[in-house]
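Written below as structure tokens is the structure these notes are about.
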Amino acid sequence: MLKVFHQYRPQQIARFVKSFHRGRFYVHGIGGFEFDLGKVMMPRHQQRPHLVAMAEINRAIKVLNEEYAA
């Protein structure tokens with residue numbers, strides 16, 4: 001399954017990743033990503049925009065998990 005996001009919105013992407021647990025998504029202007037077990041995995045093309053986006057999305061997922069646990 002490949003989801004295309006036309007705008008970079010970390011919270012929206014985090015909800016998508018958290019709900020599907022495994023798959024791929026693409027963000028226009030940044031590139032493609034894969035995720036597994038509810039976390040965005042290290043991209044194959046390790047360029048700064050990819051790494052920054054991965055870290056920010058994983059932080060948003062962590063916040064969602066903490067809100068769910070509380």
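Naming works like this for the structure tokens: A, B, ... for the chains as they're shown, residue 1 at the start of each chain, ligands 1 onward in shown order.
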Using the chain letters and numbers from this document, which residues of chain A does DSSP assign to strand (DSSP E or B), as a ChimeraX atom specification? /A:2-5,22-27,31-36,39-40
Set the distance at 12 Å and use only C-alpha atoms: which residues neighbour Arg9 (chain A) once local chain neighbours fewer than 6 positions away are removed? I'd like the list as a PDB file with C-alpha atoms, in the first residue's frame.
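Ended up saving to selection_34.pdb:
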```pdb
ATOM      1  CA  ARG A  15      -1.876   8.948  12.438  1.00  0.00           C
ATOM      2  CA  PHE A  16      -1.608   7.087   9.131  1.00  0.00           C
ATOM      3  CA  TYR A  26       5.381   9.403  -0.281  1.00  0.00           C
ATOM      4  CA  VAL A  27       5.518  13.113   0.577  1.00  0.00           C
ATOM      5  CA  HIS A  28       5.705  15.551  -2.327  1.00  0.00           C
ATOM      6  CA  ILE A  30      10.622  15.153   0.269  1.00  0.00           C
ATOM      7  CA  ALA A  53      11.103  14.273   8.396  1.00  0.00           C
ATOM      8  CA  MET A  54      11.621  10.741   9.762  1.00  0.00           C
ATOM      9  CA  GLU A  56       9.703  14.533  13.309  1.00  0.00           C
ATOM     10  CA  ILE A  57       7.121  11.927  12.277  1.00  0.00           C
ATOM     11  CA  ALA A  60       4.590  12.719  16.540  1.00  0.00           C
TER      12      ALA A  60
END
```
Counting only C-alpha atoms, what is within 7 Å of Asn58 (chain A), bar same-chain residues fewer than 4 positions away, as a list in words? Lys39, Val40, Met54 and Lys62 of chain A
Given only C-alpha atoms as the basis, pick out the residue of A:Phe33, A:Met1, A:His45, A:Gly38 nearest to Asn65 (chain A).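 Closest to Asn65 (chain A), using only C-alpha atoms: A:Gly38.
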List every residue of chain A that DSSP, applied to the backbone of this structure, places in helix (DSSP H, G or I), and write the result as a VMD selection string. chain A and resid 10 to 20 48 to 69
Which residues come within 7 Å of Phe25 (chain A), counting only C-alpha atoms, excluding same-chain residues fewer than 3 positions away, as number ranges by chain? A: 2-4, 32-34
Got time to write the residues from that selection, C-alpha atoms, as a short mmCIF file (atom, residue, chain, number, x, y, z; two decimals), in the first residue's frame?
```cif
data_model
loop_
_atom_site.label_atom_id
_atom_site.label_comp_id
_atom_site.auth_asym_id
_atom_site.auth_seq_id
_atom_site.Cartn_x
_atom_site.Cartn_y
_atom_site.Cartn_z
CA LEU A 2 1.39 3.39 -0.99
CA LYS A 3 -0.17 6.59 0.35
CA VAL A 4 0.72 9.92 -1.25
CA GLY A 32 9.36 8.11 -0.25
CA PHE A 33 9.41 6.39 3.14
CA GLU A 34 8.72 2.93 4.55
#
```
With distances taken over only C-alpha atoms, which of A:Pro49, A:Tyr68, A:Val63, A:Ala55 is nearest to Gly31 (chain A)?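 Of A:Pro49, A:Tyr68, A:Val63, A:Ala55, the one nearest Gly31 (chain A), counting only C-alpha atoms, is A:Pro49.
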